[in-house]
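Shown next: run_4.tsv, given as TSV, C-alpha atoms.
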```
chain	number	residue	atom	x	y	z
A	26	MET	CA	95.39	105.17	98.18
A	27	ALA	CA	95.39	105.35	101.95
A	28	GLY	CA	91.76	104.20	101.86
A	29	GLY	CA	88.81	106.54	101.89
A	30	ASP	CA	89.19	110.16	102.83
A	31	GLU	CA	88.86	109.70	106.57
A	32	ILE	CA	91.82	110.41	108.84
A	33	ARG	CA	93.03	107.31	110.64
A	34	PRO	CA	94.38	107.21	114.20
A	35	GLY	CA	97.81	108.83	114.30
A	36	GLU	CA	97.49	110.58	110.95
A	37	ILE	CA	98.08	114.33	110.82
A	38	ALA	CA	96.80	116.85	108.27
A	39	VAL	CA	98.11	120.38	107.72
A	40	ASP	CA	96.54	123.43	106.12
A	41	LEU	CA	97.29	123.51	102.43
A	42	PRO	CA	98.93	126.64	101.00
A	43	PRO	CA	96.36	129.33	100.11
A	44	GLU	CA	97.24	129.15	96.41
A	45	THR	CA	98.78	126.75	93.97
A	46	SER	CA	102.12	127.64	92.43
A	47	ALA	CA	101.86	126.23	88.89
A	48	GLY	CA	99.29	124.60	86.63
A	49	LEU	CA	99.16	121.21	84.95
A	50	TYR	CA	97.61	120.24	81.64
A	51	PHE	CA	96.01	116.82	81.50
A	52	ILE	CA	97.35	115.39	78.23
A	53	GLY	CA	95.02	112.39	78.07
A	54	ARG	CA	93.40	109.65	80.14
A	55	ILE	CA	94.40	106.19	81.29
A	56	HIS	CA	92.04	103.27	80.76
A	57	THR	CA	92.47	100.44	83.26
A	58	PRO	CA	90.36	97.52	84.52
A	59	TRP	CA	89.94	99.12	87.95
A	60	THR	CA	86.93	101.29	88.71
A	61	ARG	CA	87.20	101.50	92.51
A	62	ARG	CA	90.22	102.48	94.54
A	63	ALA	CA	90.03	99.32	96.62
A	64	GLU	CA	90.51	97.23	93.46
A	65	CYS	CA	93.75	98.89	92.37
A	66	PRO	CA	96.96	96.94	92.96
A	67	ARG	CA	99.43	98.50	95.37
A	68	ARG	CA	101.93	98.73	92.58
A	69	GLY	CA	101.79	97.90	88.86
A	70	ALA	CA	103.56	94.75	87.66
A	71	PRO	CA	105.11	93.82	84.32
A	72	ASP	CA	102.75	90.84	84.11
A	73	GLY	CA	99.71	92.92	85.03
A	74	PRO	CA	96.83	93.61	82.64
A	75	ILE	CA	97.20	95.75	79.55
A	76	CYS	CA	96.14	99.33	80.17
A	77	THR	CA	95.65	101.98	77.50
A	78	LEU	CA	96.93	105.53	77.47
A	79	GLU	CA	94.70	107.73	75.33
A	80	VAL	CA	96.58	110.88	74.37
A	81	ASP	CA	94.69	114.03	73.34
A	82	PRO	CA	94.91	114.87	69.61
A	83	ARG	CA	96.64	118.15	70.43
A	84	TRP	CA	99.76	116.17	71.35
A	85	ALA	CA	99.69	113.65	68.50
A	86	ARG	CA	103.00	114.61	66.97
A	87	ALA	CA	104.72	114.48	70.37
A	88	LEU	CA	104.32	110.69	70.14
A	89	GLU	CA	106.63	110.43	67.12
A	90	GLY	CA	109.34	107.88	67.83
A	91	ILE	CA	107.70	106.54	70.99
A	92	GLY	CA	107.71	103.00	69.55
A	93	ASN	CA	111.51	102.95	69.81
A	94	HIS	CA	111.26	102.87	73.61
A	95	PRO	CA	110.16	99.52	75.01
A	96	ARG	CA	110.06	100.92	78.54
A	97	LEU	CA	108.40	104.19	79.38
A	98	GLN	CA	108.02	106.30	82.49
A	99	ILE	CA	104.43	107.43	82.94
A	100	LEU	CA	103.38	110.33	85.19
A	101	TYR	CA	99.71	110.57	86.15
A	102	TRP	CA	97.50	112.51	88.50
A	103	MET	CA	95.88	110.70	91.41
A	104	HIS	CA	92.87	112.94	91.26
A	105	GLU	CA	90.98	111.33	94.13
A	106	ALA	CA	93.78	111.57	96.68
A	107	ARG	CA	93.69	114.07	99.51
A	108	ARG	CA	96.74	116.32	99.64
A	109	ASP	CA	97.05	117.50	103.22
A	110	LEU	CA	98.39	114.52	105.20
A	111	VAL	CA	101.94	114.76	106.53
A	112	LEU	CA	101.79	111.61	108.67
A	113	GLN	CA	100.03	108.51	107.36
A	114	SER	CA	99.19	105.12	108.79
A	115	PRO	CA	99.24	102.70	105.86
A	116	ARG	CA	98.73	99.70	108.15
A	117	ARG	CA	95.84	101.34	109.98
A	118	ASP	CA	97.43	100.34	113.28
A	119	GLY	CA	98.26	103.78	114.68
A	120	SER	CA	101.89	103.52	113.54
A	121	THR	CA	102.72	106.37	111.18
A	122	ARG	CA	105.23	107.36	108.58
A	123	GLY	CA	105.97	110.67	106.94
A	124	THR	CA	104.31	111.21	103.58
A	125	PHE	CA	107.66	111.65	101.81
A	126	SER	CA	108.86	108.27	103.09
A	127	LEU	CA	105.89	106.59	101.40
A	128	ARG	CA	104.80	106.16	97.78
A	129	SER	CA	101.14	106.59	98.76
A	130	PRO	CA	99.09	108.69	96.33
A	131	VAL	CA	98.16	110.88	99.30
A	132	ARG	CA	100.73	113.71	99.12
A	133	PRO	CA	100.87	117.47	98.47
A	134	ASN	CA	101.21	116.87	94.73
A	135	PRO	CA	99.56	113.52	93.95
A	136	ILE	CA	101.77	112.72	90.96
A	137	ALA	CA	102.30	109.00	90.49
A	138	SER	CA	105.24	107.65	88.52
A	139	SER	CA	105.42	104.15	87.05
A	140	VAL	CA	107.74	102.41	84.64
A	141	VAL	CA	105.78	100.35	82.12
A	142	ASP	CA	106.42	98.01	79.21
A	143	LEU	CA	105.12	99.36	75.91
A	144	VAL	CA	103.04	96.66	74.18
A	145	ASN	CA	101.57	98.47	71.19
A	146	VAL	CA	101.13	101.92	69.63
A	147	ASP	CA	98.07	102.68	67.52
A	148	GLY	CA	97.77	106.36	66.73
A	149	LEU	CA	96.89	108.15	69.95
A	150	LEU	CA	96.52	104.89	71.91
A	151	LEU	CA	99.45	103.32	73.77
A	152	GLN	CA	98.99	99.88	75.27
A	153	VAL	CA	101.21	99.28	78.28
A	154	ARG	CA	101.68	96.90	81.20
A	155	GLY	CA	102.71	97.98	84.68
A	156	LEU	CA	100.09	100.49	85.84
A	157	ASP	CA	98.10	100.49	89.07
A	158	CYS	CA	95.56	103.32	88.80
A	159	LEU	CA	91.84	103.89	88.46
A	160	ASP	CA	90.13	103.87	85.09
A	161	GLY	CA	89.92	107.46	83.88
A	162	THR	CA	93.04	108.68	85.67
A	163	PRO	CA	94.42	111.88	84.07
A	164	LEU	CA	97.68	111.43	82.18
A	165	LEU	CA	100.44	113.99	82.75
A	166	ASP	CA	103.52	112.79	80.89
A	167	VAL	CA	105.17	110.01	78.95
A	168	LYS	CA	108.98	109.77	78.77
A	169	PRO	CA	111.55	107.13	77.91
A	170	GLU	CA	112.46	105.45	81.17
A	171	ALA	CA	115.79	106.25	82.74
A	172	CYS	CA	116.28	103.72	85.48
A	173	PRO	CA	119.81	104.35	86.70
A	174	LEU	CA	120.33	100.64	87.31
A	175	ALA	CA	119.11	99.48	83.88
B	155	MET	CA	116.72	122.19	78.15
B	156	ALA	CA	116.45	122.39	74.41
B	157	GLY	CA	118.53	125.56	74.60
B	158	GLY	CA	117.06	129.01	74.79
B	159	ASP	CA	113.44	129.64	73.99
B	160	GLU	CA	113.84	129.95	70.24
B	161	ILE	CA	112.32	127.38	67.91
B	162	ARG	CA	114.98	125.49	65.95
B	163	PRO	CA	114.62	124.30	62.36
B	164	GLY	CA	112.16	121.40	62.21
B	165	GLU	CA	110.65	122.03	65.64
B	166	ILE	CA	106.88	122.40	65.89
B	167	ALA	CA	104.84	124.19	68.57
B	168	VAL	CA	101.12	123.81	69.21
B	169	ASP	CA	98.61	126.05	70.96
B	170	LEU	CA	98.45	125.21	74.64
B	171	PRO	CA	95.05	124.39	76.14
B	172	PRO	CA	93.14	127.51	77.20
B	173	GLU	CA	93.18	126.49	80.86
B	174	THR	CA	95.17	124.30	83.18
B	175	SER	CA	93.51	121.22	84.66
B	176	ALA	CA	95.04	121.01	88.15
B	177	GLY	CA	97.34	122.97	90.42
B	178	LEU	CA	100.69	122.18	91.98
B	179	TYR	CA	102.11	123.31	95.29
B	180	PHE	CA	105.83	123.99	95.34
B	181	ILE	CA	106.96	122.20	98.52
B	182	GLY	CA	110.45	123.69	98.64
B	183	ARG	CA	113.45	124.63	96.53
B	184	ILE	CA	116.52	122.83	95.23
B	185	HIS	CA	119.95	124.35	95.72
B	186	THR	CA	122.52	123.31	93.11
B	187	PRO	CA	125.85	124.65	91.81
B	188	TRP	CA	124.31	125.58	88.43
B	189	THR	CA	122.96	129.08	87.86
B	190	ARG	CA	122.57	129.02	84.06
B	191	ARG	CA	120.79	126.40	81.98
B	192	ALA	CA	123.85	125.87	79.79
B	193	GLU	CA	125.83	124.75	82.87
B	194	CYS	CA	123.42	122.00	83.93
B	195	PRO	CA	124.48	118.42	83.19
B	196	ARG	CA	122.30	116.53	80.74
B	197	ARG	CA	121.49	114.07	83.48
B	198	GLY	CA	122.43	113.87	87.14
B	199	ALA	CA	125.07	111.32	88.19
B	200	PRO	CA	125.65	109.45	91.45
B	201	ASP	CA	129.14	110.97	91.63
B	202	GLY	CA	127.86	114.47	90.88
B	203	PRO	CA	128.02	117.32	93.38
B	204	ILE	CA	125.95	117.41	96.52
B	205	CYS	CA	122.73	119.36	96.04
B	206	THR	CA	120.36	120.41	98.82
B	207	LEU	CA	116.61	120.08	98.95
B	208	GLU	CA	115.12	122.72	101.23
B	209	VAL	CA	111.62	121.66	102.25
B	210	ASP	CA	109.09	124.25	103.42
B	211	PRO	CA	108.34	124.12	107.18
B	212	ARG	CA	104.70	123.31	106.43
B	213	TRP	CA	105.78	119.81	105.36
B	214	ALA	CA	108.32	119.15	108.12
B	215	ARG	CA	106.56	116.12	109.58
B	216	ALA	CA	106.17	114.57	106.12
B	217	LEU	CA	109.94	113.98	106.25
B	218	GLU	CA	109.69	111.56	109.19
B	219	GLY	CA	111.44	108.31	108.29
B	220	ILE	CA	113.08	109.69	105.16
B	221	GLY	CA	116.51	108.73	106.47
B	222	ASN	CA	115.59	105.06	106.08
B	223	HIS	CA	115.62	105.39	102.30
B	224	PRO	CA	119.12	105.66	100.82
B	225	ARG	CA	117.71	106.24	97.34
B	226	LEU	CA	114.93	108.71	96.66
B	227	GLN	CA	112.91	109.73	93.65
B	228	ILE	CA	112.71	113.52	93.34
B	229	LEU	CA	110.12	115.34	91.24
B	230	TYR	CA	110.78	118.98	90.39
B	231	TRP	CA	109.42	121.70	88.16
B	232	MET	CA	111.50	122.90	85.23
B	233	HIS	CA	110.10	126.39	85.56
B	234	GLU	CA	112.06	127.92	82.69
B	235	ALA	CA	111.05	125.36	80.05
B	236	ARG	CA	108.57	126.20	77.30
B	237	ARG	CA	105.60	123.82	77.17
B	238	ASP	CA	104.30	123.94	73.62
B	239	LEU	CA	106.78	121.96	71.51
B	240	VAL	CA	105.60	118.63	70.10
B	241	LEU	CA	108.62	118.05	67.86
B	242	GLN	CA	112.10	118.91	69.10
B	243	SER	CA	115.55	118.91	67.55
B	244	PRO	CA	117.96	118.14	70.38
B	245	ARG	CA	120.92	117.96	68.01
B	246	ARG	CA	120.01	121.26	66.31
B	247	ASP	CA	120.51	119.57	62.93
B	248	GLY	CA	116.93	119.67	61.62
B	249	SER	CA	116.26	116.07	62.66
B	250	THR	CA	113.38	115.92	65.11
B	251	ARG	CA	111.85	113.63	67.71
B	252	GLY	CA	108.50	113.72	69.43
B	253	THR	CA	108.51	115.33	72.85
B	254	PHE	CA	107.27	112.16	74.57
B	255	SER	CA	110.20	110.18	73.11
B	256	LEU	CA	112.64	112.56	74.82
B	257	ARG	CA	113.44	113.38	78.43
B	258	SER	CA	113.95	117.06	77.58
B	259	PRO	CA	112.50	119.50	80.16
B	260	VAL	CA	110.51	121.03	77.29
B	261	ARG	CA	107.12	119.28	77.51
B	262	PRO	CA	103.48	120.07	78.29
B	263	ASN	CA	104.09	119.46	82.00
B	264	PRO	CA	107.75	120.16	82.71
B	265	ILE	CA	108.05	117.73	85.60
B	266	ALA	CA	111.53	116.25	85.92
B	267	SER	CA	112.14	112.98	87.77
B	268	SER	CA	115.52	111.88	89.09
B	269	VAL	CA	116.66	109.10	91.38
B	270	VAL	CA	119.23	110.37	93.87
B	271	ASP	CA	121.41	109.06	96.68
B	272	LEU	CA	120.52	110.53	100.06
B	273	VAL	CA	123.71	111.79	101.74
B	274	ASN	CA	122.41	113.55	104.84
B	275	VAL	CA	119.25	114.79	106.53
B	276	ASP	CA	119.35	117.89	108.76
B	277	GLY	CA	115.89	119.07	109.67
B	278	LEU	CA	114.30	120.50	106.55
B	279	LEU	CA	117.49	120.10	104.49
B	280	LEU	CA	118.20	116.94	102.50
B	281	GLN	CA	121.61	116.58	100.90
B	282	VAL	CA	121.54	114.37	97.81
B	283	ARG	CA	123.65	113.43	94.79
B	284	GLY	CA	122.24	112.86	91.31
B	285	LEU	CA	120.47	116.06	90.31
B	286	ASP	CA	120.86	118.08	87.14
B	287	CYS	CA	118.78	121.24	87.58
B	288	LEU	CA	119.20	124.96	88.06
B	289	ASP	CA	119.74	126.50	91.47
B	290	GLY	CA	116.35	127.58	92.82
B	291	THR	CA	114.33	124.93	90.97
B	292	PRO	CA	110.94	124.35	92.65
B	293	LEU	CA	110.59	121.02	94.43
B	294	LEU	CA	107.39	119.02	93.88
B	295	ASP	CA	107.82	115.68	95.61
B	296	VAL	CA	110.14	113.30	97.42
B	297	LYS	CA	109.40	109.55	97.46
B	298	PRO	CA	111.33	106.36	98.16
B	299	GLU	CA	112.65	105.18	94.81
B	300	ALA	CA	110.95	102.23	93.16
B	301	CYS	CA	113.21	101.25	90.31
B	302	PRO	CA	111.71	98.01	89.03
B	303	LEU	CA	115.15	96.62	88.22
B	304	ALA	CA	116.70	97.39	91.59
```

Please rewrite the model in this file as structure tokens.
Amino acid sequence: MAGGDEIRPGEIAVDLPPETSAGLYFIGRIHTPWTRRAECPRRGAPDGPICTLEVDPRWARALEGIGNHPRLQILYWMHEARRDLVLQSPRRDGSTRGTFSLRSPVRPNPIASSVVDLVNVDGLLLQVRGLDCLDGTPLLDVKPEACPLA
Amino acid sequence: MAGGDEIRPGEIAVDLPPETSAGLYFIGRIHTPWTRRAECPRRGAPDGPICTLEVDPRWARALEGIGNHPRLQILYWMHEARRDLVLQSPRRDGSTRGTFSLRSPVRPNPIASSVVDLVNVDGLLLQVRGLDCLDGTPLLDVKPEACPLA
């Protein structure tokens, strides 16, 4: 998160499109130890705390076989991030970078992507390590990871 | 893509939620050599053909600095994929796997993620190698890659 919702020196916002183009279904929630944005780590780590993905019952059968994949790619929705910044100043020093050259949650579509280690599966609950997001973050997708260098 | 839109033996569909939870903005389009789903490779390769990301002018300044990142993560919207299958049969043989244990485009939120090599930047056009999608696929996001094993 670039911080609060204020615009910092050098940052530039644009008008968002008048309409969205497609809709997302939240498929569950992510439970983490972090309840304020300032507490979240900049990036999840394999030795970070265990976090729990809670998948909605509707999608229960879609989890079949998930335990065969020790590393998963998780997509989630950074629901508190503003979406209209094209230039951002992560260091708050007036220097800026384009949004697409950053992994900041502040972007037109605030979809975060992390690769995590799967620790345990218990029904609709997946315990993982490697996340970085707020408690309650909406879950969008779970896939086997496909790191091209693995 | 699991094929056409038919359900294969063993596959199971569920009712989708009555409403979507959040909206996406398409930020551009992807130009590839593939015009039919059957032509698309199963996964993009670093020695695959050059594909072009065409970013909408609204987001032009968000590309500043992108040329400093030789490898990018691209998120895109598999707009032709059905979203309601929880069990899929990729081999069409009656054996099934849960959707979240597959990287198939058929999933509740058909967001594909690929890591690509950046070949060239020319204004709003980014030439890359490593994609696998249909010509005209909507673009959702461009980020520096963050492969944890890199």

Based on all atoms listed in the file, which of the residues in chain B come within 7 Å of chain A? I want them as a ChimeraX atom specification. /B:174-180,213,215-220,240-241,251-257,262-263,294-298,301,303-304

Near-Pro34 (chain A) list (9 Å; all atoms listed in the file; drop same-chain fewer than 6 positions) as a compact mmCIF listing (two decimals) with C-alpha atoms, in the frame of the given file:
```
# COMPACT_ATOMS: atom_id res chain seq x y z
CA GLN A 113 100.03 108.51 107.36
CA SER A 114 99.19 105.12 108.79
CA ARG A 117 95.84 101.34 109.98
CA ASP A 118 97.43 100.34 113.28
CA GLY A 119 98.26 103.78 114.68
CA SER A 120 101.89 103.52 113.54
CA THR A 121 102.72 106.37 111.18
```

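Restricting the calculation to only C-alpha atoms, the smallest distance between Val273 (chain B) and any of B:Pro195, B:Gly290, B:Pro187, B:Gly202 is found for B:Gly202.
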
Would you mind reading off the distance between CA of Ile55 (chain A) and CA of Leu149 (chain A), one decimal, in Å? 11.8 Å
